[in-house]
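Encoded as structure tokens, the structure appears first; notes follow it.
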Amino acid sequence: MSNFEKPGVPTDRYGLGAAGMPLNDHTDYRPIPADAYGTLFLPDRLAKGYHVEEINDGVHYVTSGAYDNMFIRTGNGVIVVDAPPLLGTNLLKAIREVTDEPVTHFIYSHFHSDHVGAAHMFGPDVTYIAHDYTREMLQRWPDLNGGAPVPTETFSTHETLDVNGVKVDLDYKGTNHTPGNIFVYAREQKVLAAIDIISPGWSAFKNCDASENIRGWAEAHDWILEYDFKAVVSGHVNRWGTREDALASRAYTNDIIDFAKEALDEAEDLEFIQRHGFSNAWLLWENYFNEMTNYVTKKTLEKVTDNGQNWGDRLAAADVMTKYHAYTILEALRLEYGLTSRFEKRILPQ
Ligand SMILES: [Zn+2]
């Protein structure tokens with residue numbers, strides 16, 4: 001038994017006990033609603049490892065079943081938005097499945113390697129377009145796999161790419177999931193790519209999709225809804241999204257923010273302070289955050305939404321992920337929104 005292990009408490013293979021993260025399984029969580037699986041079990045995805053479909057007039061959606069992106073046929077060259085390594089060369093196969101046009105333009109949504117780390121596949125003759133910050137990141141800290149070339153063209157707030165008359169708006173509205181995370185809008189086809197903000201039908205991945213600026217990430221839901229779009233390609237999980245998906249994701253995020261504000265107001269006479277005292281500062285703050293996180297998680301999962309379902313039933317794996325968003329948003333309220341809990345106000349110098 002390691003020093004960390006506590007008798008009678010189930011733990012993982014490392015015997016870390018409270019020092020480690022909990023390992024959960026299917027029986028701990030609600031079943032995934034069938035419609036949330038999207039493309040995952042489609043025969044072509046199972047057989048080839050990817051699924052490709054035309055969303056609208058030359059704009060195509062490609063997914064590995066976990067990561068997705070889009071490409072646009074223009075009649076004189078293909079514009080590709082992102083190249084997740086999990087799709088890898090399957091993305092080339094997907095493009096060849098629908099067109100012989102060469103890829104002429106590559107657009108980076110943002111610098112994260114899990115979405116753009118296979119960009120090098122398109123070779124040196126392609127124009128690589130990104131936000132200024134994405135170039136800065138890829139110059140300062142090159143992708144160690146050599147997967148993401150330094151962009152050849154950059155912009156700061158807006159650019160319209162016109163390839164053979166097909167117009168694609170590139171918009172940067174400020175920091176969000178990462179600085180430099182842009183929206184790509186195929187204007188005529190009304191298809192938007194907005195990556196790592198929403199996950200259609202699902203809760204976002206841990207900690208607000210591992211975002212750098214939580215306030216900007218939350219606000220980006222409003223930015224998505226400012227577009228007149230029929231489909232939003234969002235990077236995860238198994239399908240592209242609709243306006244309804246974006247509205248649901250925004251409402252879920254805003255509910256977490258509201259309950260987190262409530263938790264800060266409630267957090268005054270917390271029992272764990274008496275229990276643990278102030279001798280281990282991080283134990284105190286662990287419990288302080290965990291109690292507020294559980295408050296927010298319970299309120300959010302049980303919140304009855306506008307379609308009559310609660311979030312726990314409505315968004316796939318909300319019961320897996322809400323606690324991570326709750327923690328991240330609670331911390332963001334303190335760091336990015338300037339809010340202070342009643343507990344903290346009590347111990348602040350007057
Ligand atoms: Zn990302």
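In the structure tokens, the first chain shown is A, the next is B, and so on; residue numbers restart at 1 for each chain, and ligands run from 1 in the order shown.
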
Considering only C-alpha atoms and all ligand atoms, give me a table of residues in chain A that are at most 7 Å from ligand 1, with the closest atom pair and distance in Å for each, as a tab-separated table.
```
residue	atom	partner	partner_atom_place_in_ligand_line	distance
A:His110	CA	ligand 1	1 (Zn)	6.7
A:His112	CA	ligand 1	1 (Zn)	4.9
A:His115	CA	ligand 1	1 (Zn)	6.7
A:His177	CA	ligand 1	1 (Zn)	6.5
A:Thr178	CA	ligand 1	1 (Zn)	6.9
A:Asp196	CA	ligand 1	1 (Zn)	5.5
```

Which residue out of A:Pro22, A:Gly241, A:Gly174, A:Gly75 has the minimum interatomic distance to Leu192 (chain A) when only C-alpha atoms are used?
A:Gly241

A:Ala186, A:Thr104, A:Leu16, A:Gly65 ranked by distance to Pro43 (chain A), top pick (using only C-alpha atoms):
A:Gly65

Test item, alpha helix (DSSP H) assignment across region 298-328 of chain A, answer as a list in words
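Alpha helix (DSSP H) members of region 298-328 of chain A, listed: Lys298, Lys299, Thr300, Leu301, Glu302, Trp311, Gly312, Asp313, Arg314, Ala318, Asp319, Val320, Met321, Thr322, Lys323, Tyr324, His325, Ala326, Tyr327 and Thr328 of chain A.
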
Excluding same-chain residues fewer than 2 positions from Ala94 (chain A), what lies within 10 Å of it counting only C-alpha atoms, as a list in words?
Lys48, Tyr50, His51, Val52, Glu53, His60, Tyr61, Val62, Thr63, Phe71, Leu87, Thr89, Asn90, Leu91, Leu92, Arg96, Glu97, Val98 and Thr99 of chain A

Write out the residues from the selection above, keeping N, CA and C atoms, as a PDB file, in the first residue's frame.
```
ATOM      1  N   LYS A  48     -14.268   2.898 -43.062  1.00  0.00           N
ATOM      2  CA  LYS A  48     -13.137   3.696 -43.562  1.00  0.00           C
ATOM      3  C   LYS A  48     -12.440   4.497 -42.474  1.00  0.00           C
ATOM      4  N   TYR A  50     -13.660   7.261 -41.383  1.00  0.00           N
ATOM      5  CA  TYR A  50     -14.130   8.638 -41.475  1.00  0.00           C
ATOM      6  C   TYR A  50     -15.486   8.660 -42.169  1.00  0.00           C
ATOM      7  N   HIS A  51     -16.155   9.792 -42.046  1.00  0.00           N
ATOM      8  CA  HIS A  51     -17.420  10.009 -42.729  1.00  0.00           C
ATOM      9  C   HIS A  51     -17.340  11.388 -43.369  1.00  0.00           C
ATOM     10  N   VAL A  52     -17.738  11.477 -44.640  1.00  0.00           N
ATOM     11  CA  VAL A  52     -17.760  12.775 -45.317  1.00  0.00           C
ATOM     12  C   VAL A  52     -19.146  13.006 -45.885  1.00  0.00           C
ATOM     13  N   GLU A  53     -19.637  14.238 -45.748  1.00  0.00           N
ATOM     14  CA  GLU A  53     -20.936  14.565 -46.343  1.00  0.00           C
ATOM     15  C   GLU A  53     -20.952  16.023 -46.779  1.00  0.00           C
ATOM     16  N   HIS A  60     -18.211  20.723 -47.399  1.00  0.00           N
ATOM     17  CA  HIS A  60     -18.250  19.336 -46.922  1.00  0.00           C
ATOM     18  C   HIS A  60     -17.788  19.227 -45.480  1.00  0.00           C
ATOM     19  N   TYR A  61     -18.423  18.300 -44.798  1.00  0.00           N
ATOM     20  CA  TYR A  61     -18.101  17.992 -43.399  1.00  0.00           C
ATOM     21  C   TYR A  61     -17.371  16.651 -43.368  1.00  0.00           C
ATOM     22  N   VAL A  62     -16.271  16.592 -42.632  1.00  0.00           N
ATOM     23  CA  VAL A  62     -15.524  15.335 -42.479  1.00  0.00           C
ATOM     24  C   VAL A  62     -15.346  15.069 -40.993  1.00  0.00           C
ATOM     25  N   THR A  63     -15.555  13.828 -40.578  1.00  0.00           N
ATOM     26  CA  THR A  63     -15.351  13.511 -39.158  1.00  0.00           C
ATOM     27  C   THR A  63     -14.687  12.153 -38.990  1.00  0.00           C
ATOM     28  N   PHE A  71     -14.236  21.248 -45.578  1.00  0.00           N
ATOM     29  CA  PHE A  71     -13.539  21.762 -46.754  1.00  0.00           C
ATOM     30  C   PHE A  71     -14.560  22.247 -47.762  1.00  0.00           C
ATOM     31  N   LEU A  87      -7.894  12.617 -37.842  1.00  0.00           N
ATOM     32  CA  LEU A  87      -8.361  12.326 -39.203  1.00  0.00           C
ATOM     33  C   LEU A  87      -7.161  12.014 -40.092  1.00  0.00           C
ATOM     34  N   THR A  89      -4.493  11.305 -42.754  1.00  0.00           N
ATOM     35  CA  THR A  89      -4.587  11.092 -44.202  1.00  0.00           C
ATOM     36  C   THR A  89      -6.001  10.698 -44.635  1.00  0.00           C
ATOM     37  N   ASN A  90      -6.864  10.332 -43.670  1.00  0.00           N
ATOM     38  CA  ASN A  90      -8.263  10.084 -44.035  1.00  0.00           C
ATOM     39  C   ASN A  90      -8.925  11.351 -44.569  1.00  0.00           C
ATOM     40  N   LEU A  91      -8.408  12.510 -44.152  1.00  0.00           N
ATOM     41  CA  LEU A  91      -8.935  13.767 -44.682  1.00  0.00           C
ATOM     42  C   LEU A  91      -8.622  13.890 -46.172  1.00  0.00           C
ATOM     43  N   LEU A  92      -7.402  13.476 -46.573  1.00  0.00           N
ATOM     44  CA  LEU A  92      -7.049  13.500 -48.003  1.00  0.00           C
ATOM     45  C   LEU A  92      -7.966  12.557 -48.783  1.00  0.00           C
ATOM     46  N   ARG A  96     -10.556  13.517 -51.835  1.00  0.00           N
ATOM     47  CA  ARG A  96     -10.472  12.817 -53.129  1.00  0.00           C
ATOM     48  C   ARG A  96     -11.756  12.063 -53.458  1.00  0.00           C
ATOM     49  N   GLU A  97     -12.485  11.700 -52.422  1.00  0.00           N
ATOM     50  CA  GLU A  97     -13.743  10.986 -52.642  1.00  0.00           C
ATOM     51  C   GLU A  97     -14.763  11.866 -53.363  1.00  0.00           C
ATOM     52  N   VAL A  98     -14.635  13.193 -53.190  1.00  0.00           N
ATOM     53  CA  VAL A  98     -15.660  14.061 -53.770  1.00  0.00           C
ATOM     54  C   VAL A  98     -15.148  14.996 -54.863  1.00  0.00           C
ATOM     55  N   THR A  99     -13.832  15.172 -54.996  1.00  0.00           N
ATOM     56  CA  THR A  99     -13.346  16.108 -56.017  1.00  0.00           C
ATOM     57  C   THR A  99     -11.901  15.806 -56.428  1.00  0.00           C
TER      58      THR A  99
END
```

Taking only region 87-227 of chain A into account, list the residues labelled strand (DSSP E) by DSSP (computed from the backbone), as a ChimeraX atom specification.
/A:103-107,127-131,153-155,158-163,166-171,183-186,191-194
